[in-house]
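Structure below is upload33.cif: mmCIF, C-alpha atoms and all ligand atoms.
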```cif
data_data
#
loop_
_atom_site.group_PDB
_atom_site.id
_atom_site.type_symbol
_atom_site.label_atom_id
_atom_site.label_comp_id
_atom_site.auth_asym_id
_atom_site.auth_seq_id
_atom_site.Cartn_x
_atom_site.Cartn_y
_atom_site.Cartn_z
ATOM 1 C CA MET U 291 60.371 98.252 105.542
ATOM 2 C CA SER U 292 63.606 100.028 106.200
ATOM 3 C CA ARG U 293 64.559 103.658 105.878
ATOM 4 C CA ILE U 294 67.154 104.646 103.314
ATOM 5 C CA ILE U 295 70.352 106.361 104.440
ATOM 6 C CA ASP U 296 70.865 108.859 101.641
ATOM 7 C CA GLY U 297 74.609 109.168 100.990
ATOM 8 C CA ARG U 298 74.150 111.976 98.474
ATOM 9 C CA GLU U 299 72.323 114.115 101.022
ATOM 10 C CA ILE U 300 74.793 113.493 103.864
ATOM 11 C CA ALA U 301 77.744 114.043 101.511
ATOM 12 C CA ALA U 302 76.216 117.384 100.496
ATOM 13 C CA GLN U 303 76.057 118.357 104.185
ATOM 14 C CA VAL U 304 79.706 117.380 104.637
ATOM 15 C CA ARG U 305 80.681 119.435 101.570
ATOM 16 C CA ALA U 306 78.784 122.456 102.917
ATOM 17 C CA GLU U 307 80.704 122.169 106.217
ATOM 18 C CA ILE U 308 83.957 121.873 104.272
ATOM 19 C CA LYS U 309 83.188 125.002 102.240
ATOM 20 C CA SER U 310 82.740 127.095 105.353
ATOM 21 C CA GLU U 311 85.888 125.604 106.934
ATOM 22 C CA ILE U 312 87.841 126.529 103.806
ATOM 23 C CA SER U 313 86.518 130.112 103.932
ATOM 24 C CA LEU U 314 87.566 130.378 107.574
ATOM 25 C CA LEU U 315 91.000 128.925 106.854
ATOM 26 C CA LYS U 316 91.538 131.358 103.973
ATOM 27 C CA GLU U 317 90.442 134.277 106.111
ATOM 28 C CA LYS U 318 92.738 133.335 108.987
ATOM 29 C CA THR U 319 95.815 132.105 107.125
ATOM 30 C CA GLY U 320 95.440 133.023 103.443
ATOM 31 C CA LEU U 321 95.861 129.313 102.655
ATOM 32 C CA THR U 322 93.878 127.472 99.956
ATOM 33 C CA PRO U 323 93.955 123.676 100.491
ATOM 34 C CA GLY U 324 95.463 121.682 97.626
ATOM 35 C CA LEU U 325 95.102 117.991 96.729
ATOM 36 C CA ALA U 326 97.441 116.135 94.369
ATOM 37 C CA VAL U 327 95.935 113.055 92.731
ATOM 38 C CA VAL U 328 98.348 110.667 91.036
ATOM 39 C CA LEU U 329 97.150 108.120 88.487
ATOM 40 C CA VAL U 330 99.510 105.584 86.939
ATOM 41 C CA GLY U 331 98.214 103.831 83.823
ATOM 42 C CA ASP U 332 94.876 103.985 82.079
ATOM 43 C CA ASP U 333 92.504 101.775 84.056
ATOM 44 C CA PRO U 334 89.086 103.156 82.965
ATOM 45 C CA ALA U 335 87.451 102.908 86.410
ATOM 46 C CA SER U 336 90.425 104.662 88.054
ATOM 47 C CA ARG U 337 90.259 107.417 85.428
ATOM 48 C CA VAL U 338 86.627 108.064 86.309
ATOM 49 C CA TYR U 339 87.384 108.107 90.061
ATOM 50 C CA VAL U 340 90.295 110.500 89.576
ATOM 51 C CA ARG U 341 88.244 112.836 87.387
ATOM 52 C CA ASN U 342 85.418 112.864 89.948
ATOM 53 C CA LYS U 343 87.860 113.628 92.761
ATOM 54 C CA GLY U 344 89.204 116.608 90.784
ATOM 55 C CA LYS U 345 85.704 117.946 90.121
ATOM 56 C CA ALA U 346 84.661 117.532 93.759
ATOM 57 C CA CYS U 347 87.742 119.506 94.878
ATOM 58 C CA GLU U 348 86.988 122.436 92.633
ATOM 59 C CA GLU U 349 83.372 122.514 93.767
ATOM 60 C CA VAL U 350 84.347 123.170 97.401
ATOM 61 C CA GLY U 351 87.342 125.419 96.718
ATOM 62 C CA ILE U 352 90.234 122.947 96.996
ATOM 63 C CA ARG U 353 92.972 123.283 94.369
ATOM 64 C CA SER U 354 93.419 120.039 92.503
ATOM 65 C CA PHE U 355 96.681 118.914 90.916
ATOM 66 C CA GLN U 356 96.334 115.884 88.662
ATOM 67 C CA HIS U 357 99.377 113.838 87.692
ATOM 68 C CA THR U 358 98.701 111.187 85.075
ATOM 69 C CA LEU U 359 101.643 108.910 84.350
ATOM 70 C CA PRO U 360 101.941 106.166 81.716
ATOM 71 C CA ALA U 361 101.437 102.522 82.762
ATOM 72 C CA ASP U 362 105.147 101.735 82.258
ATOM 73 C CA THR U 363 106.320 104.428 84.696
ATOM 74 C CA GLY U 364 109.069 103.033 86.934
ATOM 75 C CA GLU U 365 108.745 102.890 90.712
ATOM 76 C CA GLU U 366 111.708 105.258 91.139
ATOM 77 C CA GLU U 367 110.041 107.867 88.950
ATOM 78 C CA LEU U 368 106.799 107.632 90.916
ATOM 79 C CA LEU U 369 108.703 107.879 94.209
ATOM 80 C CA ALA U 370 110.523 110.977 92.900
ATOM 81 C CA LEU U 371 107.168 112.603 92.039
ATOM 82 C CA ILE U 372 105.835 111.838 95.534
ATOM 83 C CA LYS U 373 108.985 113.276 97.098
ATOM 84 C CA GLY U 374 108.386 116.510 95.182
ATOM 85 C CA LEU U 375 104.742 116.631 96.295
ATOM 86 C CA ASN U 376 105.765 115.965 99.915
ATOM 87 C CA GLY U 377 107.909 119.097 99.732
ATOM 88 C CA SER U 378 105.408 121.308 97.892
ATOM 89 C CA LYS U 379 103.784 124.100 99.906
ATOM 90 C CA ASP U 380 100.791 124.160 97.534
ATOM 91 C CA VAL U 381 99.984 120.502 98.128
ATOM 92 C CA ASN U 382 98.368 119.539 101.450
ATOM 93 C CA GLY U 383 97.033 116.143 100.451
ATOM 94 C CA ILE U 384 98.457 113.406 98.227
ATOM 95 C CA LEU U 385 96.388 110.530 96.868
ATOM 96 C CA VAL U 386 97.948 107.830 94.703
ATOM 97 C CA GLN U 387 95.089 105.999 93.021
ATOM 98 C CA LEU U 388 95.164 102.229 93.615
ATOM 99 C CA PRO U 389 95.610 99.660 92.210
ATOM 100 C CA LEU U 390 99.041 100.424 90.783
ATOM 101 C CA PRO U 391 100.562 98.468 87.869
ATOM 102 C CA SER U 392 102.029 95.171 89.108
ATOM 103 C CA HIS U 393 105.689 96.200 88.653
ATOM 104 C CA ILE U 394 105.248 98.881 91.344
ATOM 105 C CA ASP U 395 105.149 97.901 95.021
ATOM 106 C CA GLU U 396 102.082 99.527 96.563
ATOM 107 C CA GLU U 397 103.336 99.402 100.145
ATOM 108 C CA THR U 398 106.575 101.192 99.180
ATOM 109 C CA VAL U 399 104.563 103.922 97.465
ATOM 110 C CA ILE U 400 102.124 104.294 100.371
ATOM 111 C CA GLU U 401 105.040 104.634 102.801
ATOM 112 C CA ALA U 402 106.661 107.290 100.603
ATOM 113 C CA VAL U 403 103.742 109.702 101.128
ATOM 114 C CA SER U 404 104.279 112.058 104.047
ATOM 115 C CA PRO U 405 101.920 110.905 106.862
ATOM 116 C CA GLN U 406 100.779 114.531 107.284
ATOM 117 C CA LYS U 407 99.652 114.585 103.621
ATOM 118 C CA ASP U 408 98.314 111.022 103.536
ATOM 119 C CA VAL U 409 94.652 111.881 102.900
ATOM 120 C CA ASP U 410 93.906 108.206 102.193
ATOM 121 C CA GLY U 411 94.998 107.304 105.728
ATOM 122 C CA PHE U 412 96.911 104.291 104.372
ATOM 123 C CA HIS U 413 100.418 105.093 105.687
ATOM 124 C CA PRO U 414 101.509 102.762 108.521
ATOM 125 C CA TYR U 415 101.870 105.842 110.756
ATOM 126 C CA ASN U 416 98.187 106.705 110.262
ATOM 127 C CA VAL U 417 97.149 103.052 110.519
ATOM 128 C CA GLY U 418 99.021 102.851 113.844
ATOM 129 C CA ARG U 419 97.408 106.012 115.158
ATOM 130 C CA LEU U 420 93.953 104.727 114.257
ATOM 131 C CA THR U 421 94.764 101.390 115.933
ATOM 132 C CA ILE U 422 95.649 103.023 119.250
ATOM 133 C CA GLY U 423 92.601 105.298 119.091
ATOM 134 C CA ARG U 424 94.511 108.525 118.367
ATOM 135 C CA PRO U 425 93.722 109.005 114.679
ATOM 136 C CA LEU U 426 95.330 111.705 112.546
ATOM 137 C CA LEU U 427 94.153 111.100 108.961
ATOM 138 C CA GLN U 428 91.687 108.216 108.624
ATOM 139 C CA PRO U 429 90.673 106.145 105.572
ATOM 140 C CA CYS U 430 87.839 107.863 103.698
ATOM 141 C CA THR U 431 85.347 105.056 103.079
ATOM 142 C CA PRO U 432 85.074 103.817 106.684
ATOM 143 C CA SER U 433 85.009 107.440 107.928
ATOM 144 C CA GLY U 434 82.105 108.046 105.568
ATOM 145 C CA VAL U 435 80.324 104.976 106.930
ATOM 146 C CA MET U 436 80.763 106.226 110.499
ATOM 147 C CA ARG U 437 79.297 109.564 109.503
ATOM 148 C CA MET U 438 76.281 107.763 107.997
ATOM 149 C CA ILE U 439 75.762 105.751 111.188
ATOM 150 C CA GLU U 440 76.015 108.959 113.247
ATOM 151 C CA SER U 441 73.417 110.587 111.019
ATOM 152 C CA ILE U 442 70.764 108.054 112.027
ATOM 153 C CA GLY U 443 71.533 108.507 115.716
ATOM 154 C CA VAL U 444 72.380 104.872 116.460
ATOM 155 C CA ASP U 445 74.499 104.347 119.592
ATOM 156 C CA LEU U 446 76.990 101.585 118.828
ATOM 157 C CA THR U 447 77.809 100.805 122.468
ATOM 158 C CA GLY U 448 77.427 97.091 123.068
ATOM 159 C CA LYS U 449 76.032 96.439 119.599
ATOM 160 C CA GLU U 450 77.105 93.420 117.532
ATOM 161 C CA ALA U 451 78.800 94.733 114.373
ATOM 162 C CA VAL U 452 79.780 92.343 111.603
ATOM 163 C CA VAL U 453 82.199 93.583 108.949
ATOM 164 C CA VAL U 454 82.358 91.356 105.876
ATOM 165 C CA GLY U 455 85.714 91.989 104.179
ATOM 166 C CA ARG U 456 89.202 92.498 105.631
ATOM 167 C CA SER U 457 90.930 94.889 103.231
ATOM 168 C CA ASN U 458 93.364 97.530 104.458
ATOM 169 C CA ILE U 459 91.237 100.166 102.686
ATOM 170 C CA VAL U 460 87.849 99.308 104.222
ATOM 171 C CA GLY U 461 87.402 96.193 106.383
ATOM 172 C CA LYS U 462 90.235 96.578 108.890
ATOM 173 C CA PRO U 463 89.938 100.345 109.536
ATOM 174 C CA MET U 464 86.134 99.955 109.624
ATOM 175 C CA ALA U 465 86.402 97.357 112.370
ATOM 176 C CA LEU U 466 88.696 99.628 114.406
ATOM 177 C CA MET U 467 86.373 102.625 114.092
ATOM 178 C CA LEU U 468 83.383 100.543 115.229
ATOM 179 C CA LEU U 469 85.445 99.129 118.099
ATOM 180 C CA HIS U 470 86.388 102.640 119.239
ATOM 181 C CA LYS U 471 82.650 103.378 119.454
ATOM 182 C CA ASN U 472 82.286 100.366 121.789
ATOM 183 C CA ALA U 473 80.692 97.921 119.344
ATOM 184 C CA THR U 474 81.530 94.219 119.608
ATOM 185 C CA VAL U 475 83.140 93.622 116.240
ATOM 186 C CA THR U 476 83.465 90.482 114.123
ATOM 187 C CA ILE U 477 85.428 90.538 110.869
ATOM 188 C CA CYS U 478 84.379 87.933 108.292
ATOM 189 C CA HIS U 479 86.425 87.019 105.221
ATOM 190 C CA SER U 480 86.763 84.396 102.521
ATOM 191 C CA LYS U 481 87.932 81.740 105.008
ATOM 192 C CA THR U 482 85.224 82.403 107.615
ATOM 193 C CA ARG U 483 82.975 79.415 108.311
ATOM 194 C CA ASP U 484 79.248 80.117 108.076
ATOM 195 C CA ILE U 485 79.179 83.820 107.261
ATOM 196 C CA ALA U 486 75.369 83.616 107.113
ATOM 197 C CA GLN U 487 75.173 82.743 110.798
ATOM 198 C CA LYS U 488 77.564 85.587 111.738
ATOM 199 C CA VAL U 489 75.535 88.118 109.727
ATOM 200 C CA ARG U 490 72.301 86.822 111.299
ATOM 201 C CA SER U 491 73.604 87.851 114.730
ATOM 202 C CA ALA U 492 74.530 91.395 113.648
ATOM 203 C CA ASP U 493 72.869 94.625 114.752
ATOM 204 C CA ILE U 494 75.105 96.431 112.253
ATOM 205 C CA VAL U 495 76.228 94.799 108.996
ATOM 206 C CA ILE U 496 78.991 96.377 106.924
ATOM 207 C CA ALA U 497 79.382 94.659 103.553
ATOM 208 C CA ALA U 498 82.719 95.253 101.817
ATOM 209 C CA VAL U 499 83.294 92.097 99.792
ATOM 210 C CA GLY U 500 83.178 93.302 96.183
ATOM 211 C CA ARG U 501 80.674 90.654 94.988
ATOM 212 C CA ALA U 502 77.204 91.625 93.823
ATOM 213 C CA GLY U 503 74.448 90.284 96.088
ATOM 214 C CA PHE U 504 76.854 88.227 98.247
ATOM 215 C CA ILE U 505 74.926 89.057 101.448
ATOM 216 C CA LYS U 506 71.477 87.505 101.181
ATOM 217 C CA GLY U 507 68.403 89.393 102.320
ATOM 218 C CA GLU U 508 67.305 86.508 104.521
ATOM 219 C CA TRP U 509 70.557 86.724 106.551
ATOM 220 C CA ILE U 510 69.640 90.174 107.877
ATOM 221 C CA LYS U 511 68.261 90.317 111.420
ATOM 222 C CA ASP U 512 65.027 92.279 111.872
ATOM 223 C CA GLY U 513 65.862 95.897 112.688
ATOM 224 C CA ALA U 514 69.556 95.665 111.755
ATOM 225 C CA VAL U 515 71.414 98.585 110.173
ATOM 226 C CA VAL U 516 72.870 97.575 106.796
ATOM 227 C CA ILE U 517 75.705 99.520 105.186
ATOM 228 C CA ASP U 518 76.691 98.380 101.705
ATOM 229 C CA VAL U 519 80.175 99.452 100.620
ATOM 230 C CA GLY U 520 80.170 97.315 97.459
ATOM 231 C CA ILE U 521 79.971 98.880 94.015
ATOM 232 C CA ASN U 522 79.793 96.053 91.484
ATOM 233 C CA ARG U 523 78.900 96.007 87.818
ATOM 234 C CA THR U 524 76.417 93.201 86.996
ATOM 235 C CA ALA U 525 76.385 91.173 83.753
ATOM 236 C CA GLU U 526 73.589 93.508 82.585
ATOM 237 C CA GLY U 527 75.873 96.510 83.146
ATOM 238 C CA LYS U 528 73.978 97.806 86.190
ATOM 239 C CA LEU U 529 75.568 98.925 89.465
ATOM 240 C CA ALA U 530 74.830 96.613 92.376
ATOM 241 C CA GLY U 531 75.937 96.448 95.984
ATOM 242 C CA ASP U 532 77.227 93.474 97.978
ATOM 243 C CA VAL U 533 73.819 93.091 99.639
ATOM 244 C CA GLU U 534 70.602 91.795 98.068
ATOM 245 C CA PHE U 535 68.817 95.089 98.491
ATOM 246 C CA GLU U 536 65.177 94.005 98.083
ATOM 247 C CA GLY U 537 65.234 91.249 100.671
ATOM 248 C CA ALA U 538 67.491 93.099 103.086
ATOM 249 C CA SER U 539 65.373 96.257 103.013
ATOM 250 C CA ARG U 540 62.330 94.258 104.154
ATOM 251 C CA ARG U 541 64.159 93.392 107.377
ATOM 252 C CA ALA U 542 66.632 96.208 108.108
ATOM 253 C CA SER U 543 65.725 99.336 110.091
ATOM 254 C CA PHE U 544 68.118 101.403 107.945
ATOM 255 C CA ILE U 545 69.927 100.517 104.741
ATOM 256 C CA THR U 546 72.222 102.280 102.250
ATOM 257 C CA PRO U 547 71.424 102.091 98.513
ATOM 258 C CA VAL U 548 73.895 101.447 95.681
ATOM 259 C CA PRO U 549 74.452 103.824 93.969
ATOM 260 C CA GLY U 550 73.843 106.877 96.150
ATOM 261 C CA GLY U 551 74.978 105.364 99.447
ATOM 262 C CA VAL U 552 78.563 105.017 100.644
ATOM 263 C CA GLY U 553 80.085 106.083 97.279
ATOM 264 C CA PRO U 554 79.408 109.829 97.570
ATOM 265 C CA MET U 555 80.575 109.759 101.198
ATOM 266 C CA THR U 556 84.051 108.498 100.281
ATOM 267 C CA ILE U 557 84.826 111.552 98.150
ATOM 268 C CA ALA U 558 83.304 113.922 100.719
ATOM 269 C CA MET U 559 85.569 112.478 103.425
ATOM 270 C CA LEU U 560 88.587 112.794 101.120
ATOM 271 C CA LEU U 561 87.847 116.515 100.836
ATOM 272 C CA LYS U 562 87.476 116.688 104.615
ATOM 273 C CA ASN U 563 90.854 114.993 105.109
ATOM 274 C CA THR U 564 92.438 117.458 102.685
ATOM 275 C CA VAL U 565 91.113 120.377 104.723
ATOM 276 C CA GLU U 566 92.352 118.690 107.934
ATOM 277 C CA ALA U 567 95.796 118.272 106.352
ATOM 278 C CA ALA U 568 95.784 121.936 105.275
ATOM 279 C CA LYS U 569 94.905 122.994 108.823
ATOM 280 C CA MET U 570 97.782 120.914 110.187
ATOM 281 C CA ALA U 571 100.147 122.528 107.671
ATOM 282 C CA SER U 572 98.947 126.004 108.651
ATOM 283 C CA CYS U 573 99.540 125.242 112.338
ATOM 284 C CA ALA U 574 103.008 123.876 111.593
ATOM 285 C CA ALA U 575 103.947 126.924 109.484
HETATM 286 N N1 LIG U 601 91.204 102.627 94.903
HETATM 287 C C1 LIG U 601 90.005 102.200 95.368
HETATM 288 N N2 LIG U 601 89.680 102.871 96.496
HETATM 289 C C2 LIG U 601 90.687 103.727 96.736
HETATM 290 C C3 LIG U 601 90.911 104.696 97.747
HETATM 291 O O1 LIG U 601 90.132 104.901 98.676
HETATM 292 N N3 LIG U 601 92.071 105.396 97.650
HETATM 293 C C4 LIG U 601 92.959 105.186 96.644
HETATM 294 N N4 LIG U 601 94.079 105.897 96.642
HETATM 295 N N5 LIG U 601 92.773 104.287 95.689
HETATM 296 C C5 LIG U 601 91.640 103.574 95.739
#
```

Could you render the structure as structure tokens?
Ligand code: GUN
Amino acid sequence: MSRIIDGREIAAQVRAEIKSEISLLKEKTGLTPGLAVVLVGDDPASRVYVRNKGKACEEVGIRSFQHTLPADTGEEELLALIKGLNGSKDVNGILVQLPLPSHIDEETVIEAVSPQKDVDGFHPYNVGRLTIGRPLLQPCTPSGVMRMIESIGVDLTGKEAVVVGRSNIVGKPMALMLLHKNATVTICHSKTRDIAQKVRSADIVIAAVGRAGFIKGEWIKDGAVVIDVGINRTAEGKLAGDVEFEGASRRASFITPVPGGVGPMTIAMLLKNTVEAAKMASCAA
């Protein structure tokens, strides 16, 4: 049987560290970190995420500025808002909740955010820095995964890591972070032949597909570490990960649950990035 990596517990540790960093920052510079969260439209899941991000900020002492715009907001108007936030001294981090309505070009919006305030780590500047191994602000979900792997004391050097999913938000940055820790990394995606065989060879499996139970328990190698990034709603209305938890947990050495695994880590790392951005702003001032 495997041991559970408890995302709620590790996220609480991260938040405690953040609280003391914020106290120190206030003491030294008088600065209170601020995060602007922009939501366009009324996607119910996005609304919940945005509300949770606001609550999490307040809990650790980050000021939260929420901007909710109607679904028919034009791209120019959104870009003008971002320009204002880029110039605001109170705002250290800017997060534009994705997905955006289809009439708005996501890449244009991502590039409009100042790289120094890009707490999502999605701007090409931050993507480039991560790629060359000199990260500034890094994407929150893969950073959270790395923190979870660190917490179990696994050395990634020479390990076979298989990332299932190639999104800009999770799969690609995840692969780079594992690579920088000297893992041998394979990225699988919808066109990969025989994903089962790739997963079977993995010491570390990162599942970020967005399909409930896509990774079968029997694919997991004995003793592997299994990190499940998926948060899917089943036909019965339950939350389920991308991995068949029961079967996988019989084989894995460590596994993350859904819910209570990677999810809480993502928000914790967002708060951490906001504090990092505030520190950068205080140094630049
Ligand atoms: N939508 C789903 N995940 C994310 C994320 O990490 N950041 C933003 N901005 N939007 C998302």

Using the chain letters and residue numbers of this document, give as a short mmCIF file (atom, residue, chain, number, x, y, z; two decimals) with C-alpha atoms, keeping the file's coordinate frame the residues selected by the PyMOL selection byres (((chain U and resi 431-447) around 9) and not hetatm).
```cif
data_model
loop_
_atom_site.label_atom_id
_atom_site.label_comp_id
_atom_site.auth_asym_id
_atom_site.auth_seq_id
_atom_site.Cartn_x
_atom_site.Cartn_y
_atom_site.Cartn_z
CA ILE U 295 70.35 106.36 104.44
CA ASP U 296 70.86 108.86 101.64
CA GLY U 297 74.61 109.17 100.99
CA ILE U 300 74.79 113.49 103.86
CA ALA U 301 77.74 114.04 101.51
CA GLN U 428 91.69 108.22 108.62
CA PRO U 429 90.67 106.14 105.57
CA CYS U 430 87.84 107.86 103.70
CA GLY U 448 77.43 97.09 123.07
CA LYS U 449 76.03 96.44 119.60
CA GLU U 450 77.10 93.42 117.53
CA ALA U 451 78.80 94.73 114.37
CA ILE U 459 91.24 100.17 102.69
CA VAL U 460 87.85 99.31 104.22
CA GLY U 461 87.40 96.19 106.38
CA PRO U 463 89.94 100.34 109.54
CA MET U 464 86.13 99.96 109.62
CA ALA U 465 86.40 97.36 112.37
CA MET U 467 86.37 102.62 114.09
CA LEU U 468 83.38 100.54 115.23
CA LEU U 469 85.44 99.13 118.10
CA LYS U 471 82.65 103.38 119.45
CA ASN U 472 82.29 100.37 121.79
CA ALA U 473 80.69 97.92 119.34
CA THR U 474 81.53 94.22 119.61
CA ILE U 494 75.10 96.43 112.25
CA ILE U 496 78.99 96.38 106.92
CA VAL U 515 71.41 98.58 110.17
CA ILE U 517 75.70 99.52 105.19
CA VAL U 519 80.18 99.45 100.62
CA PHE U 544 68.12 101.40 107.94
CA THR U 546 72.22 102.28 102.25
CA GLY U 551 74.98 105.36 99.45
CA VAL U 552 78.56 105.02 100.64
CA GLY U 553 80.08 106.08 97.28
CA PRO U 554 79.41 109.83 97.57
CA MET U 555 80.58 109.76 101.20
CA THR U 556 84.05 108.50 100.28
CA ILE U 557 84.83 111.55 98.15
CA ALA U 558 83.30 113.92 100.72
CA MET U 559 85.57 112.48 103.42
CA LEU U 560 88.59 112.79 101.12
#
```

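In terms of minimum interatomic distance to Ser313 (chain U), U:Ile352 ranks closest within U:Ile352, U:Ala492, U:Ala525, U:Ala575, counting all atoms listed in the file.
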
Which neighbours of region 327-335 of chain U fall inside 12 Å, counting all atoms listed in the file, when residues of the same chain fewer than 3 positions from it are skipped, and could you give them as a JSON list (two decimals) with C-alpha atoms, keeping the file's coordinate frame?
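And here's around_13.json as it stands now:
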```json
[["chain", "number", "residue", "atom", "x", "y", "z"],
["U", 324, "GLY", "CA", 95.46, 121.68, 97.63],
["U", 338, "VAL", "CA", 86.63, 108.06, 86.31],
["U", 339, "TYR", "CA", 87.38, 108.11, 90.06],
["U", 340, "VAL", "CA", 90.30, 110.50, 89.58],
["U", 341, "ARG", "CA", 88.24, 112.84, 87.39],
["U", 342, "ASN", "CA", 85.42, 112.86, 89.95],
["U", 343, "LYS", "CA", 87.86, 113.63, 92.76],
["U", 344, "GLY", "CA", 89.20, 116.61, 90.78],
["U", 345, "LYS", "CA", 85.70, 117.95, 90.12],
["U", 347, "CYS", "CA", 87.74, 119.51, 94.88],
["U", 353, "ARG", "CA", 92.97, 123.28, 94.37],
["U", 354, "SER", "CA", 93.42, 120.04, 92.50],
["U", 355, "PHE", "CA", 96.68, 118.91, 90.92],
["U", 356, "GLN", "CA", 96.33, 115.88, 88.66],
["U", 357, "HIS", "CA", 99.38, 113.84, 87.69],
["U", 358, "THR", "CA", 98.70, 111.19, 85.08],
["U", 359, "LEU", "CA", 101.64, 108.91, 84.35],
["U", 360, "PRO", "CA", 101.94, 106.17, 81.72],
["U", 361, "ALA", "CA", 101.44, 102.52, 82.76],
["U", 362, "ASP", "CA", 105.15, 101.74, 82.26],
["U", 363, "THR", "CA", 106.32, 104.43, 84.70],
["U", 364, "GLY", "CA", 109.07, 103.03, 86.93],
["U", 365, "GLU", "CA", 108.74, 102.89, 90.71],
["U", 367, "GLU", "CA", 110.04, 107.87, 88.95],
["U", 368, "LEU", "CA", 106.80, 107.63, 90.92],
["U", 369, "LEU", "CA", 108.70, 107.88, 94.21],
["U", 371, "LEU", "CA", 107.17, 112.60, 92.04],
["U", 372, "ILE", "CA", 105.84, 111.84, 95.53],
["U", 375, "LEU", "CA", 104.74, 116.63, 96.30],
["U", 381, "VAL", "CA", 99.98, 120.50, 98.13],
["U", 382, "ASN", "CA", 98.37, 119.54, 101.45],
["U", 383, "GLY", "CA", 97.03, 116.14, 100.45],
["U", 384, "ILE", "CA", 98.46, 113.41, 98.23],
["U", 385, "LEU", "CA", 96.39, 110.53, 96.87],
["U", 386, "VAL", "CA", 97.95, 107.83, 94.70],
["U", 387, "GLN", "CA", 95.09, 106.00, 93.02],
["U", 388, "LEU", "CA", 95.16, 102.23, 93.62],
["U", 389, "PRO", "CA", 95.61, 99.66, 92.21],
["U", 390, "LEU", "CA", 99.04, 100.42, 90.78],
["U", 391, "PRO", "CA", 100.56, 98.47, 87.87],
["U", 392, "SER", "CA", 102.03, 95.17, 89.11],
["U", 393, "HIS", "CA", 105.69, 96.20, 88.65],
["U", 394, "ILE", "CA", 105.25, 98.88, 91.34],
["U", 396, "GLU", "CA", 102.08, 99.53, 96.56],
["U", 399, "VAL", "CA", 104.56, 103.92, 97.46],
["U", 400, "ILE", "CA", 102.12, 104.29, 100.37],
["U", 403, "VAL", "CA", 103.74, 109.70, 101.13],
["U", 407, "LYS", "CA", 99.65, 114.58, 103.62],
["U", 408, "ASP", "CA", 98.31, 111.02, 103.54],
["U", 409, "VAL", "CA", 94.65, 111.88, 102.90],
["U", 410, "ASP", "CA", 93.91, 108.21, 102.19],
["U", 521, "ILE", "CA", 79.97, 98.88, 94.02],
["U", 522, "ASN", "CA", 79.79, 96.05, 91.48],
["U", 523, "ARG", "CA", 78.90, 96.01, 87.82],
["U", 560, "LEU", "CA", 88.59, 112.79, 101.12],
["U", 561, "LEU", "CA", 87.85, 116.52, 100.84],
["U", 564, "THR", "CA", 92.44, 117.46, 102.68]]
```

If I take CA of Arg501 (chain U) and CA of Lys528 (chain U), how far is one from the other in Å, to one decimal? 13.2 Å

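Interatomic distance, CA of Leu529 (chain U) to CA of Thr476 (chain U): 27.2 Å.
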
For the atom pair CA of Ile510 (chain U) and CA of Ala542 (chain U), what is the interatomic distance in Å to one decimal place? 6.7 Å

Selection result of the PyMOL selection byres (((chain U and resi 454) around 10) and not hetatm) on this file, as a ChimeraX atom specification: /U:451-453,455-457,460-462,465,476-480,482,485,488-489,495-500,504-505,518-519,532

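When all atoms listed in the file are used to measure the gap to Ala302 (chain U), the shortest distance among U:Gly411, U:Gly550, U:Gly520, U:Gly527 belongs to U:Gly550.
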
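Here the question is which of U:Ala486, U:Ala502, U:Ala326, U:Ala530 gets nearest to ligand LIG 601 (chain U) using only C-alpha atoms and all ligand atoms, and that residue is U:Ala326.
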
Which of U:Ala538, U:Asn563, U:Met291, U:Gly423 sits closest to ligand LIG 601 (chain U) [using all atoms listed in the file]: U:Asn563

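Nearest residue to Lys569 (chain U), choosing from U:Ala370, U:Leu426, U:Tyr415, U:Thr421 and counting only C-alpha atoms: U:Leu426.
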
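Each of U:Ile422, U:Gly377, U:Gln303, U:Asn458 was compared to ligand LIG 601 (chain U) using all atoms listed in the file, and U:Asn458 turns out to be the nearest.
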
Find the residues around Lys506 (chain U) up to 8 Å (all atoms listed in the file counted), leave out those fewer than 6 positions away in its own chain, and share them as a PyMOL selection string. chain U and resi 533-534+537-538
